[in-house]
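S.K.: run13.tsv is the file, holding TSV, C-alpha atoms and all ligand atoms:
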chain	number	residue	atom	x	y	z
A	1	MET	CA	333.20	251.71	140.08
A	2	THR	CA	334.50	251.20	143.63
A	3	ARG	CA	338.24	251.34	143.85
A	4	ARG	CA	340.37	250.43	146.81
A	5	MET	CA	342.53	253.07	148.49
A	6	THR	CA	345.31	252.36	150.94
A	7	SER	CA	346.39	254.55	153.79
A	8	THR	CA	350.06	253.60	153.26
A	9	THR	CA	349.97	254.95	149.72
A	10	SER	CA	348.33	258.19	150.67
A	11	THR	CA	351.10	258.74	153.23
A	12	ARG	CA	353.62	258.37	150.43
A	13	LEU	CA	351.69	260.80	148.26
A	14	ASP	CA	352.05	263.43	150.93
A	15	ARG	CA	355.82	263.12	150.65
A	16	LEU	CA	355.94	263.53	146.87
A	17	PRO	CA	355.65	267.09	145.63
A	18	ALA	CA	355.23	266.04	141.97
A	19	THR	CA	351.92	264.43	142.79
A	20	ALA	CA	350.90	266.50	145.78
A	21	GLY	CA	347.15	266.79	145.92
A	22	ALA	CA	346.57	263.80	143.64
A	23	ALA	CA	344.11	261.19	144.80
A	24	ALA	CA	345.48	257.97	146.28
A	25	PRO	CA	346.00	255.38	143.54
A	26	PRO	CA	343.05	253.16	142.63
A	27	VAL	CA	344.76	249.90	143.51
A	28	ARG	CA	342.63	246.90	142.67
A	29	LEU	CA	343.25	243.19	142.80
A	30	ILE	CA	343.59	241.90	139.26
A	31	ARG	CA	341.43	238.87	140.03
A	32	ASP	CA	338.63	241.35	140.83
A	33	ILE	CA	339.25	243.23	137.58
A	34	TYR	CA	338.85	239.99	135.60
A	35	ALA	CA	335.69	239.07	137.51
A	36	GLU	CA	334.15	242.48	136.97
A	37	GLN	CA	335.01	242.73	133.26
A	38	ARG	CA	333.68	239.22	132.73
A	39	MET	CA	330.35	240.23	134.22
A	40	LEU	CA	330.30	243.26	131.92
A	41	GLY	CA	331.21	241.09	128.92
A	42	GLN	CA	334.34	243.20	128.31
A	43	PRO	CA	337.88	241.98	127.67
A	44	VAL	CA	340.59	242.95	130.17
A	45	LEU	CA	343.30	245.00	128.46
A	46	SER	CA	346.75	244.99	130.01
A	47	ILE	CA	350.03	246.46	128.87
A	48	GLU	CA	353.47	245.22	129.81
A	49	LEU	CA	356.34	247.67	130.27
A	50	PHE	CA	359.96	247.25	131.24
A	51	PRO	CA	361.93	249.42	133.67
A	52	PRO	CA	364.29	251.62	131.61
A	53	LYS	CA	367.96	251.62	132.51
A	54	THR	CA	368.64	255.31	131.87
A	55	PRO	CA	367.09	258.65	132.83
A	56	LYS	CA	366.37	259.21	129.12
A	57	GLY	CA	364.47	255.91	128.95
A	58	ASN	CA	362.56	256.87	132.07
A	59	ALA	CA	361.65	260.23	130.59
A	60	LEU	CA	360.43	258.55	127.39
A	61	LEU	CA	358.32	256.15	129.43
A	62	PHE	CA	356.71	258.78	131.65
A	63	GLU	CA	356.53	261.68	129.22
A	64	HIS	CA	355.72	259.88	125.99
A	65	ALA	CA	354.68	256.21	126.29
A	66	LEU	CA	352.40	256.37	129.34
A	67	PRO	CA	350.56	259.55	128.28
A	68	ALA	CA	349.95	257.94	124.87
A	69	LEU	CA	348.74	254.68	126.42
A	70	ARG	CA	346.44	256.45	128.86
A	71	ASP	CA	343.81	256.99	126.14
A	72	LEU	CA	343.49	253.20	125.84
A	73	GLU	CA	342.30	253.05	129.45
A	74	PRO	CA	344.16	249.81	130.14
A	75	ASP	CA	342.73	247.82	133.02
A	76	PHE	CA	346.23	247.35	134.34
A	77	TYR	CA	349.91	247.73	133.50
A	78	SER	CA	352.64	245.29	134.42
A	79	VAL	CA	356.36	245.97	134.85
A	80	THR	CA	358.99	243.31	134.20
A	81	TYR	CA	361.71	242.22	136.63
A	82	GLY	CA	365.29	241.23	135.80
A	83	ALA	CA	365.88	237.60	136.84
A	84	GLY	CA	368.24	237.49	139.82
A	85	GLY	CA	366.98	240.88	140.99
A	86	SER	CA	368.87	243.11	138.53
A	87	THR	CA	365.92	245.54	138.19
A	88	ARG	CA	364.46	245.02	141.64
A	89	ASP	CA	364.55	248.65	142.79
A	90	ARG	CA	363.60	250.06	139.40
A	91	THR	CA	360.68	247.66	138.98
A	92	ILE	CA	359.15	248.52	142.32
A	93	ALA	CA	359.78	252.27	141.90
A	94	ILE	CA	358.14	252.31	138.47
A	95	VAL	CA	355.11	250.31	139.55
A	96	ASP	CA	354.69	252.66	142.48
A	97	ARG	CA	355.07	255.76	140.31
A	98	ILE	CA	352.63	254.57	137.63
A	99	GLN	CA	350.00	253.76	140.24
A	100	ARG	CA	350.33	257.21	141.81
A	101	GLU	CA	350.70	259.31	138.67
A	102	HIS	CA	348.41	257.39	136.33
A	103	GLN	CA	345.87	256.12	138.83
A	104	THR	CA	345.97	252.70	137.19
A	105	THR	CA	346.51	249.35	138.88
A	106	THR	CA	350.01	248.14	138.08
A	107	MET	CA	351.48	244.71	138.69
A	108	ALA	CA	355.10	243.98	139.56
A	109	HIS	CA	356.71	240.93	137.98
A	110	LEU	CA	358.92	239.00	140.40
A	111	THR	CA	361.33	236.16	139.62
A	112	CYS	CA	362.64	233.68	142.18
A	113	ILE	CA	365.66	232.16	140.46
A	114	SER	CA	369.00	232.85	142.21
A	115	THR	CA	367.26	234.78	144.98
A	116	SER	CA	366.94	234.02	148.67
A	117	ARG	CA	363.60	233.78	150.40
A	118	ALA	CA	364.63	236.67	152.61
A	119	ASP	CA	365.14	238.92	149.56
A	120	ILE	CA	361.80	237.87	148.09
A	121	GLU	CA	360.04	238.50	151.36
A	122	HIS	CA	361.67	241.93	151.58
A	123	PHE	CA	360.45	242.77	148.06
A	124	LEU	CA	356.91	241.67	148.86
A	125	LEU	CA	356.73	243.59	152.12
A	126	ASP	CA	358.11	246.70	150.43
A	127	ALA	CA	355.56	246.26	147.64
A	128	ARG	CA	352.72	245.90	150.09
A	129	LYS	CA	353.84	249.02	151.97
A	130	ARG	CA	353.70	250.98	148.72
A	131	GLY	CA	350.18	249.78	147.92
A	132	ILE	CA	351.24	247.29	145.24
A	133	ARG	CA	348.70	244.48	145.35
A	134	ASN	CA	349.45	242.40	142.28
A	135	ILE	CA	352.46	240.19	141.54
A	136	LEU	CA	353.30	238.09	138.48
A	137	ALA	CA	355.13	235.15	140.06
A	138	LEU	CA	357.86	233.81	137.79
A	139	ARG	CA	360.89	231.61	137.99
A	140	GLY	CA	362.96	233.64	135.51
A	141	ASP	CA	365.67	232.20	133.32
A	142	PRO	CA	368.73	230.71	135.03
A	143	PRO	CA	371.91	232.76	134.50
A	144	LEU	CA	374.30	231.37	131.86
A	145	ASP	CA	376.81	230.31	134.53
A	146	ASN	CA	373.91	228.54	136.27
A	147	GLY	CA	374.36	230.75	139.35
A	148	GLY	CA	374.61	227.85	141.78
A	149	PRO	CA	372.06	227.06	144.48
A	150	VAL	CA	370.83	229.89	146.67
A	151	GLU	CA	370.41	229.18	150.33
A	152	ARG	CA	366.74	228.77	151.09
A	153	GLY	CA	365.80	229.79	147.57
A	154	PHE	CA	363.14	228.43	145.19
A	155	GLU	CA	363.66	226.20	142.17
A	156	TYR	CA	360.30	226.65	140.43
A	157	SER	CA	357.67	229.31	140.33
A	158	TYR	CA	354.96	227.17	141.97
A	159	GLN	CA	357.01	227.54	145.18
A	160	LEU	CA	357.02	231.32	144.73
A	161	VAL	CA	353.24	231.30	144.22
A	162	GLU	CA	352.87	229.33	147.45
A	163	PHE	CA	355.15	231.75	149.30
A	164	ILE	CA	353.30	234.87	148.08
A	165	LYS	CA	349.99	233.28	148.96
A	166	ALA	CA	351.24	232.58	152.49
A	167	ILE	CA	352.39	236.19	152.90
A	168	GLY	CA	348.92	237.27	151.80
A	169	GLY	CA	347.31	240.41	150.45
A	170	PHE	CA	348.19	239.95	146.76
A	171	SER	CA	346.45	238.82	143.61
A	172	ILE	CA	348.93	236.47	141.94
A	173	GLY	CA	349.47	235.93	138.22
A	174	THR	CA	351.51	233.20	136.57
A	175	ALA	CA	353.07	232.52	133.16
A	176	GLY	CA	351.67	229.93	130.73
A	177	PHE	CA	353.14	228.58	127.52
A	178	PRO	CA	350.78	227.67	124.65
A	179	GLU	CA	353.65	225.95	122.83
A	180	SER	CA	355.05	224.50	126.09
A	181	HIS	CA	358.00	226.00	127.96
A	182	ILE	CA	361.19	225.83	125.93
A	183	ALA	CA	363.05	223.81	128.60
A	184	CYS	CA	360.30	221.26	129.22
A	185	THR	CA	361.49	218.00	127.67
A	186	GLU	CA	358.55	215.87	128.81
A	187	GLY	CA	356.02	217.30	126.36
A	188	LYS	CA	353.45	220.08	126.42
A	189	HIS	CA	350.86	218.25	128.51
A	190	VAL	CA	353.36	217.81	131.33
A	191	ASP	CA	354.24	221.52	131.16
A	192	TRP	CA	350.53	222.42	131.23
A	193	GLN	CA	349.95	220.12	134.22
A	194	ARG	CA	352.72	222.02	135.99
A	195	LEU	CA	350.88	225.22	135.20
A	196	LYS	CA	347.83	223.76	136.90
A	197	ALA	CA	350.02	223.11	139.95
A	198	LYS	CA	350.76	226.87	140.07
A	199	ILE	CA	347.04	227.65	139.89
A	200	ASP	CA	346.24	225.08	142.56
A	201	ARG	CA	348.74	226.80	144.84
A	202	GLY	CA	347.09	230.19	144.48
A	203	ALA	CA	347.61	231.82	141.08
A	204	ASP	CA	344.50	233.82	140.12
A	205	PHE	CA	345.17	234.30	136.40
A	206	VAL	CA	347.52	233.24	133.62
A	207	LEU	CA	349.30	235.47	131.11
A	208	THR	CA	350.73	233.58	128.18
A	209	GLN	CA	353.99	233.67	126.33
A	210	LEU	CA	353.78	235.25	122.87
A	211	PHE	CA	352.56	233.04	120.04
A	212	PHE	CA	351.39	233.59	116.47
A	213	ASP	CA	349.14	230.64	115.74
A	214	ASN	CA	345.87	230.98	117.65
A	215	ASP	CA	345.30	227.22	117.42
A	216	ASP	CA	348.17	226.85	119.91
A	217	TYR	CA	346.38	229.14	122.37
A	218	PHE	CA	343.00	227.44	121.97
A	219	ALA	CA	344.47	223.92	122.36
A	220	PHE	CA	346.33	225.08	125.50
A	221	ARG	CA	343.29	226.81	126.99
A	222	ASP	CA	340.95	223.93	126.19
A	223	TYR	CA	343.29	221.37	127.74
A	224	LEU	CA	343.55	223.46	130.90
A	225	THR	CA	339.86	224.19	131.21
A	226	GLU	CA	338.27	221.02	129.82
A	227	THR	CA	340.80	218.35	130.75
A	228	LEU	CA	342.33	219.79	133.90
A	229	GLY	CA	339.31	221.77	135.14
A	230	VAL	CA	341.10	225.12	135.45
A	231	SER	CA	338.72	228.07	135.81
A	232	VAL	CA	341.01	231.11	136.16
A	233	PRO	CA	341.34	233.53	133.20
A	234	ILE	CA	344.00	232.54	130.65
A	235	THR	CA	344.94	235.70	128.78
A	236	PRO	CA	346.92	235.61	125.54
A	237	GLY	CA	350.17	237.58	125.41
A	238	ILE	CA	350.47	239.57	122.19
A	239	LEU	CA	353.73	240.82	120.76
A	240	PRO	CA	353.12	243.06	117.75
A	241	ILE	CA	355.95	242.52	115.27
A	242	LEU	CA	358.03	245.71	115.11
A	243	SER	CA	361.17	244.50	113.37
A	244	THR	CA	362.25	241.35	111.57
A	245	ASP	CA	365.56	240.89	113.39
A	246	GLN	CA	363.96	241.51	116.74
A	247	ILE	CA	361.10	239.03	116.29
A	248	ARG	CA	363.48	236.33	115.03
A	249	ARG	CA	365.68	236.89	118.09
A	250	PHE	CA	362.76	236.87	120.55
A	251	THR	CA	361.15	233.75	119.12
A	252	SER	CA	364.40	231.82	119.13
A	253	LEU	CA	365.04	232.86	122.76
A	254	CYS	CA	361.62	231.85	124.07
A	255	GLY	CA	360.88	228.94	121.73
A	256	ALA	CA	357.79	230.46	120.09
A	257	THR	CA	357.15	229.46	116.47
A	258	LEU	CA	357.22	232.10	113.78
A	259	PRO	CA	354.86	230.56	111.18
A	260	ALA	CA	356.40	229.99	107.74
A	261	ALA	CA	353.87	232.34	106.09
A	262	VAL	CA	354.78	235.16	108.51
A	263	SER	CA	358.47	234.52	108.04
A	264	ALA	CA	358.07	234.64	104.25
A	265	LYS	CA	356.23	237.99	104.47
A	266	LEU	CA	359.01	239.41	106.62
A	267	ASP	CA	361.60	238.19	104.11
A	268	ALA	CA	359.64	239.88	101.33
A	269	TYR	CA	359.65	243.23	103.17
A	270	GLY	CA	363.45	243.11	103.48
A	271	ASN	CA	364.77	246.36	104.96
A	272	ASP	CA	361.46	248.20	104.66
A	273	ALA	CA	360.94	248.81	108.40
A	274	ALA	CA	357.71	250.78	107.87
A	275	ALA	CA	356.15	247.89	105.90
A	276	VAL	CA	357.17	245.42	108.61
A	277	GLY	CA	355.57	247.66	111.27
A	278	GLU	CA	352.33	247.93	109.25
A	279	PHE	CA	352.25	244.19	108.74
A	280	GLY	CA	352.84	243.69	112.49
A	281	VAL	CA	349.84	245.87	113.38
A	282	GLU	CA	347.60	244.22	110.78
A	283	PHE	CA	348.61	240.68	111.79
A	284	ALA	CA	348.14	241.36	115.52
A	285	THR	CA	344.76	243.02	114.88
A	286	ARG	CA	343.49	239.91	113.06
A	287	GLN	CA	345.04	237.67	115.71
A	288	CYS	CA	343.37	239.59	118.58
A	289	GLU	CA	340.01	239.68	116.77
A	290	ALA	CA	340.01	235.88	116.45
A	291	LEU	CA	341.19	235.39	120.05
A	292	LEU	CA	338.39	237.55	121.44
A	293	ALA	CA	335.84	235.88	119.15
A	294	GLY	CA	337.06	232.53	120.50
A	295	GLY	CA	336.45	233.62	124.11
A	296	ALA	CA	339.83	234.95	125.32
A	297	PRO	CA	339.18	236.90	128.56
A	298	GLY	CA	341.48	239.76	127.58
A	299	LEU	CA	344.65	240.77	125.78
A	300	HIS	CA	348.05	241.34	127.35
A	301	PHE	CA	350.30	243.46	125.12
A	302	TYR	CA	354.07	243.20	125.27
A	303	SER	CA	354.58	246.87	124.45
A	304	LEU	CA	358.38	247.12	124.81
A	305	ASN	CA	357.57	250.64	126.09
A	306	LYS	CA	356.40	251.63	122.59
A	307	PRO	CA	352.78	252.81	122.55
A	308	HIS	CA	352.27	252.97	118.79
A	309	ALA	CA	351.38	249.34	117.95
A	310	PRO	CA	349.07	248.62	120.93
A	311	THR	CA	347.32	251.94	120.31
A	312	ARG	CA	346.70	251.13	116.66
A	313	ILE	CA	345.62	247.54	117.37
A	314	ILE	CA	343.21	248.45	120.18
A	315	GLY	CA	341.87	251.25	117.98
A	316	ASN	CA	341.34	248.81	115.09
A	317	LEU	CA	339.51	246.46	117.43
A	318	GLY	CA	337.24	249.31	118.53
A	319	LEU	CA	337.70	248.37	122.16
A	320	ARG	CA	338.17	251.82	123.66
A	321	GLY	CA	336.86	255.27	122.98
B	401	LIG	C1	353.76	236.89	130.69
B	401	LIG	C2	355.22	236.61	130.97
B	401	LIG	C3	355.97	237.56	131.65
B	401	LIG	C4	357.32	237.32	131.95
B	401	LIG	N1	358.04	238.27	132.62
B	401	LIG	C5	359.33	238.03	132.95
B	401	LIG	C6	360.07	238.97	133.73
B	401	LIG	O1	359.55	240.04	134.12
B	401	LIG	N2	361.36	238.68	134.03
B	401	LIG	C7	361.95	237.50	133.63
B	401	LIG	O2	363.13	237.30	133.95
B	401	LIG	N3	361.28	236.59	132.90
B	401	LIG	C8	359.98	236.83	132.56
B	401	LIG	N4	359.28	235.88	131.83
B	401	LIG	C9	359.98	234.67	131.37
B	401	LIG	C10	359.97	233.53	132.39
B	401	LIG	O3	360.61	233.91	133.59
B	401	LIG	C11	360.74	232.36	131.76
B	401	LIG	O4	360.01	231.85	130.67
B	401	LIG	C12	361.14	231.22	132.69
B	401	LIG	O5	362.05	230.37	132.01
B	401	LIG	C13	359.97	230.37	133.17
B	401	LIG	O6	359.27	230.98	134.16
B	401	LIG	P1	358.01	230.24	134.85
B	401	LIG	O7	357.57	231.13	135.91
B	401	LIG	O8	357.06	229.77	133.82
B	401	LIG	O9	358.79	228.96	135.48
B	401	LIG	P2	358.27	227.60	136.09
B	401	LIG	O10	356.80	227.57	136.23
B	401	LIG	O11	359.10	227.35	137.31
B	401	LIG	O12	358.67	226.57	134.95
B	401	LIG	C14	360.01	226.57	134.43
B	401	LIG	C15	360.34	225.19	133.85
B	401	LIG	O13	360.38	224.24	134.91
B	401	LIG	C16	359.48	223.16	134.66
B	401	LIG	N5	358.90	222.77	135.94
B	401	LIG	C17	357.97	223.43	136.66
B	401	LIG	N6	357.68	222.76	137.80
B	401	LIG	C18	358.47	221.65	137.79
B	401	LIG	C19	358.65	220.54	138.69
B	401	LIG	N7	357.93	220.45	139.82
B	401	LIG	N8	359.55	219.58	138.36
B	401	LIG	C20	360.27	219.66	137.21
B	401	LIG	N9	360.15	220.67	136.33
B	401	LIG	C21	359.26	221.66	136.62
B	401	LIG	C22	358.45	223.73	133.67
B	401	LIG	O14	357.88	222.68	132.88
B	401	LIG	C23	359.32	224.67	132.85
B	401	LIG	O15	360.02	223.97	131.85
B	401	LIG	C24	357.93	236.10	131.52
B	401	LIG	C25	357.18	235.14	130.81
B	401	LIG	C26	355.83	235.39	130.54
B	401	LIG	C27	355.05	234.36	129.78
Mind turning this structure into structure tokens?
M.R.:
Amino acid sequence: MTRRMTSTTSTRLDRLPATAGAAAPPVRLIRDIYAEQRMLGQPVLSIELFPPKTPKGNALLFEHALPALRDLEPDFYSVTYGAGGSTRDRTIAIVDRIQREHQTTTMAHLTCISTSRADIEHFLLDARKRGIRNILALRGDPPLDNGGPVERGFEYSYQLVEFIKAIGGFSIGTAGFPESHIACTEGKHVDWQRLKAKIDRGADFVLTQLFFDNDDYFAFRDYLTETLGVSVPITPGILPILSTDQIRRFTSLCGATLPAAVSAKLDAYGNDAAAVGEFGVEFATRQCEALLAGGAPGLHFYSLNKPHAPTRIIGNLGLRG
């Protein structure tokens, strides 16, 4: 498999004793990864991580989570970004470090809300210098105080997609919402048409918000592909349930539906955290099986930096090793 090397990254490697002698990172454009895996008839596996706030969190990520995830041979990792730029330096540093130390393509998320164009351009140029070639272009959630307008900023992510495309050199991903975006009051078809606008402006692939009813994903995908003529990969985002309180909080924040049958199971498990975790793995395994059988081009796991559930699920699916 041919993998792209960059001279800028190998210069950086020379300056880093911890990885001295390591090969330059195999940075690939994610659109090429999807195209290649499609030809091979294989799903693209990706794993989302967040940048830890503390040295202890960083150590857990690099000494425990990433070594455990390595056996899954993910096609790429992605690293989240705090809206407004709160994790800007950490996001870029972690993407850079994963690419060098784990030799795996890693995508930086980037949000445009409450950020000037100059800051976004600076981030992108820094990313490019470090050999980061993939960006998930997002709006982010507005701050509670609304933040106020930013001079020469962007209001929606389609403008960010356009901007990244104009800068050039990146494969661009975008977010899609099988149950419609929580703030879209005009109905799901309007939200999905806006997603098409992001693709028309240069997004190469879609990663979806978490969902639990596969019919939502298939209706969303079919509308995009059959009604709107979208041809880029639309990859389901999978959040394995780890804890009852956490999943109730997440779903209420992002507007995803927790089906009544799932909610009832969680109620029945009460405080039995181990039983909830087992149920989460089993449910996600069945969900992923049906998604792949229905033609999903890959699976994007929201790992929350915990390798256990994705490892079990991918193992159950028999997709690696
Ligand atoms: C896979 C994935 C990863 C994510 N990672 C992060 C992350 O790292 N950091 C983070 O902060 N958040 C992240 N998010 C959350 C995301 O930032 C929020 O859901 C945000 O509210 C919407 O982002 P967007 O890019 O979809 O916005 P947009 O595409 O801009 O859409 C936002 C809203 O505006 C509406 N809209 C779009 N265009 C128009 C228009 N022209 N006129 C009127 N209304 C319009 C849409 O219908 C929608 O309701 C992620 C979400 C997903 C699915």
S.K.: In Å, how far is it from CA of Leu40 in chain A to CA of Pro310 in chain A?
M.R.: 22.4 Å
S.K.: Find the residues around range 237-239 of chain A up to 10 Å (all atoms listed in the file counted), leave out those fewer than 4 positions away in its own chain, and share them as a PDB file with C-alpha atoms, in the coordinates of the input.
M.R.:
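Final output, saved to part27.pdb:
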ATOM      1  CA  SER A  46     346.750 244.990 130.010  1.00  0.00           C
ATOM      2  CA  ILE A  47     350.030 246.460 128.870  1.00  0.00           C
ATOM      3  CA  GLU A  48     353.470 245.220 129.810  1.00  0.00           C
ATOM      4  CA  ALA A 175     353.070 232.520 133.160  1.00  0.00           C
ATOM      5  CA  GLY A 176     351.670 229.930 130.730  1.00  0.00           C
ATOM      6  CA  PHE A 177     353.140 228.580 127.520  1.00  0.00           C
ATOM      7  CA  PRO A 178     350.780 227.670 124.650  1.00  0.00           C
ATOM      8  CA  VAL A 206     347.520 233.240 133.620  1.00  0.00           C
ATOM      9  CA  LEU A 207     349.300 235.470 131.110  1.00  0.00           C
ATOM     10  CA  THR A 208     350.730 233.580 128.180  1.00  0.00           C
ATOM     11  CA  GLN A 209     353.990 233.670 126.330  1.00  0.00           C
ATOM     12  CA  LEU A 210     353.780 235.250 122.870  1.00  0.00           C
ATOM     13  CA  PHE A 211     352.560 233.040 120.040  1.00  0.00           C
ATOM     14  CA  PHE A 212     351.390 233.590 116.470  1.00  0.00           C
ATOM     15  CA  TYR A 217     346.380 229.140 122.370  1.00  0.00           C
ATOM     16  CA  ILE A 247     361.100 239.030 116.290  1.00  0.00           C
ATOM     17  CA  PHE A 250     362.760 236.870 120.550  1.00  0.00           C
ATOM     18  CA  GLY A 280     352.840 243.690 112.490  1.00  0.00           C
ATOM     19  CA  VAL A 281     349.840 245.870 113.380  1.00  0.00           C
ATOM     20  CA  ALA A 284     348.140 241.360 115.520  1.00  0.00           C
ATOM     21  CA  THR A 285     344.760 243.020 114.880  1.00  0.00           C
ATOM     22  CA  GLN A 287     345.040 237.670 115.710  1.00  0.00           C
ATOM     23  CA  CYS A 288     343.370 239.590 118.580  1.00  0.00           C
ATOM     24  CA  GLY A 298     341.480 239.760 127.580  1.00  0.00           C
ATOM     25  CA  LEU A 299     344.650 240.770 125.780  1.00  0.00           C
ATOM     26  CA  HIS A 300     348.050 241.340 127.350  1.00  0.00           C
ATOM     27  CA  PHE A 301     350.300 243.460 125.120  1.00  0.00           C
ATOM     28  CA  TYR A 302     354.070 243.200 125.270  1.00  0.00           C
ATOM     29  CA  SER A 303     354.580 246.870 124.450  1.00  0.00           C
ATOM     30  CA  LEU A 304     358.380 247.120 124.810  1.00  0.00           C
ATOM     31  CA  ALA A 309     351.380 249.340 117.950  1.00  0.00           C
ATOM     32  CA  PRO A 310     349.070 248.620 120.930  1.00  0.00           C
TER      33      PRO A 310
END
S.K.: Select, from A:Asp191, A:Asp200, A:Asp126, A:Glu282, the residue with the minimum atom-to-atom distance to Asp96 in chain A, counting all atoms listed in the file.
M.R.: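 Using all atoms listed in the file, Asp96 in chain A sits closest to A:Asp126.
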S.K.: Using only C-alpha atoms for the distances, tell me which of A:Phe154, A:Asn305, A:Pro26, A:Met107 is nearest to Phe50 in chain A.
M.R.: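 Result for the nearest residue to Phe50 in chain A: A:Asn305.
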S.K.: Could you tell me, counting all atoms listed in the file, which protein and nucleic acid residues lie no more than 8 Å from ligand LIG 401 (chain B), written as a ChimeraX atom specification?
M.R.: /A:50,79-84,109-111,136-142,155-158,174-177,180-186,190-192,194-195,197-198,206-210,237,254,300
S.K.: Excluding Ala65 in chain A and its own-chain neighbours fewer than 5 positions away, which residues fall within 7 Å of it when counting only C-alpha atoms? Please give them as a compact mmCIF listing (two decimals) with C-alpha atoms, in the coordinates of the input.
M.R.:
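That gives us selection.txt:
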# COMPACT_ATOMS: atom_id res chain seq x y z
CA LEU A 60 360.43 258.55 127.39
CA ASN A 305 357.57 250.64 126.09
CA LYS A 306 356.40 251.63 122.59
CA PRO A 307 352.78 252.81 122.55
S.K.: Determine the nearest neighbour of Pro259 in chain A from the options A:Leu291, A:Asn214, A:Asp32, A:Gly277, counting all atoms listed in the file.
M.R.: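 Among A:Leu291, A:Asn214, A:Asp32, A:Gly277, it is A:Asn214 that comes nearest to Pro259 in chain A.
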S.K.: So how far away is CA of Glu73 in chain A from CA of Arg320 in chain A, in Å?
M.R.: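 So the two atoms, CA of Arg320 in chain A and CA of Glu73 in chain A, lie 7.2 Å apart.
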S.K.: Around all listed atoms of range 176-182 of chain A, padded 6 Å per side, what centre and edge lengths does the axis-aligned box have in Å to one decimal, as AutoDock Vina command-line options?
M.R.:
--center_x 356.0 --center_y 227.2 --center_z 126.8 --size_x 22.4 --size_y 17.4 --size_z 19.9
S.K.: Mind rebuilding range 208-222 of chain A with N, CA and C atoms and writing that out as an mmCIF file, in the frame of the given file?
M.R.:
data_model
loop_
_atom_site.group_PDB
_atom_site.id
_atom_site.type_symbol
_atom_site.label_atom_id
_atom_site.label_comp_id
_atom_site.auth_asym_id
_atom_site.auth_seq_id
_atom_site.Cartn_x
_atom_site.Cartn_y
_atom_site.Cartn_z
ATOM 1 N N THR A 208 349.947 234.532 128.975
ATOM 2 C CA THR A 208 350.730 233.580 128.180
ATOM 3 C C THR A 208 351.961 234.216 127.532
ATOM 4 N N GLN A 209 352.860 233.322 127.192
ATOM 5 C CA GLN A 209 353.990 233.670 126.330
ATOM 6 C C GLN A 209 353.443 234.083 124.962
ATOM 7 N N LEU A 210 354.220 234.855 124.217
ATOM 8 C CA LEU A 210 353.780 235.250 122.870
ATOM 9 C C LEU A 210 353.646 234.014 121.979
ATOM 10 N N PHE A 211 352.758 234.118 121.030
ATOM 11 C CA PHE A 211 352.560 233.040 120.040
ATOM 12 C C PHE A 211 351.910 233.695 118.828
ATOM 13 N N PHE A 212 351.961 233.004 117.692
ATOM 14 C CA PHE A 212 351.390 233.590 116.470
ATOM 15 C C PHE A 212 350.286 232.752 115.847
ATOM 16 N N ASP A 213 350.189 231.495 116.283
ATOM 17 C CA ASP A 213 349.140 230.640 115.740
ATOM 18 C C ASP A 213 348.081 230.457 116.834
ATOM 19 N N ASN A 214 346.905 231.027 116.610
ATOM 20 C CA ASN A 214 345.870 230.980 117.650
ATOM 21 C C ASN A 214 345.455 229.549 118.007
ATOM 22 N N ASP A 215 345.649 228.609 117.085
ATOM 23 C CA ASP A 215 345.300 227.220 117.420
ATOM 24 C C ASP A 215 346.114 226.740 118.628
ATOM 25 N N ASP A 216 347.346 227.238 118.754
ATOM 26 C CA ASP A 216 348.170 226.850 119.910
ATOM 27 C C ASP A 216 347.511 227.341 121.204
ATOM 28 N N TYR A 217 347.036 228.589 121.170
ATOM 29 C CA TYR A 217 346.380 229.140 122.370
ATOM 30 C C TYR A 217 345.112 228.349 122.694
ATOM 31 N N PHE A 218 344.279 228.097 121.681
ATOM 32 C CA PHE A 218 343.000 227.440 121.970
ATOM 33 C C PHE A 218 343.211 225.998 122.461
ATOM 34 N N ALA A 219 344.205 225.298 121.901
ATOM 35 C CA ALA A 219 344.470 223.920 122.360
ATOM 36 C C ALA A 219 344.944 223.945 123.821
ATOM 37 N N PHE A 220 345.790 224.914 124.137
ATOM 38 C CA PHE A 220 346.330 225.080 125.500
ATOM 39 C C PHE A 220 345.194 225.404 126.469
ATOM 40 N N ARG A 221 344.392 226.408 126.111
ATOM 41 C CA ARG A 221 343.290 226.810 126.990
ATOM 42 C C ARG A 221 342.297 225.667 127.189
ATOM 43 N N ASP A 222 341.966 224.993 126.086
ATOM 44 C CA ASP A 222 340.950 223.930 126.190
ATOM 45 C C ASP A 222 341.468 222.773 127.037
#
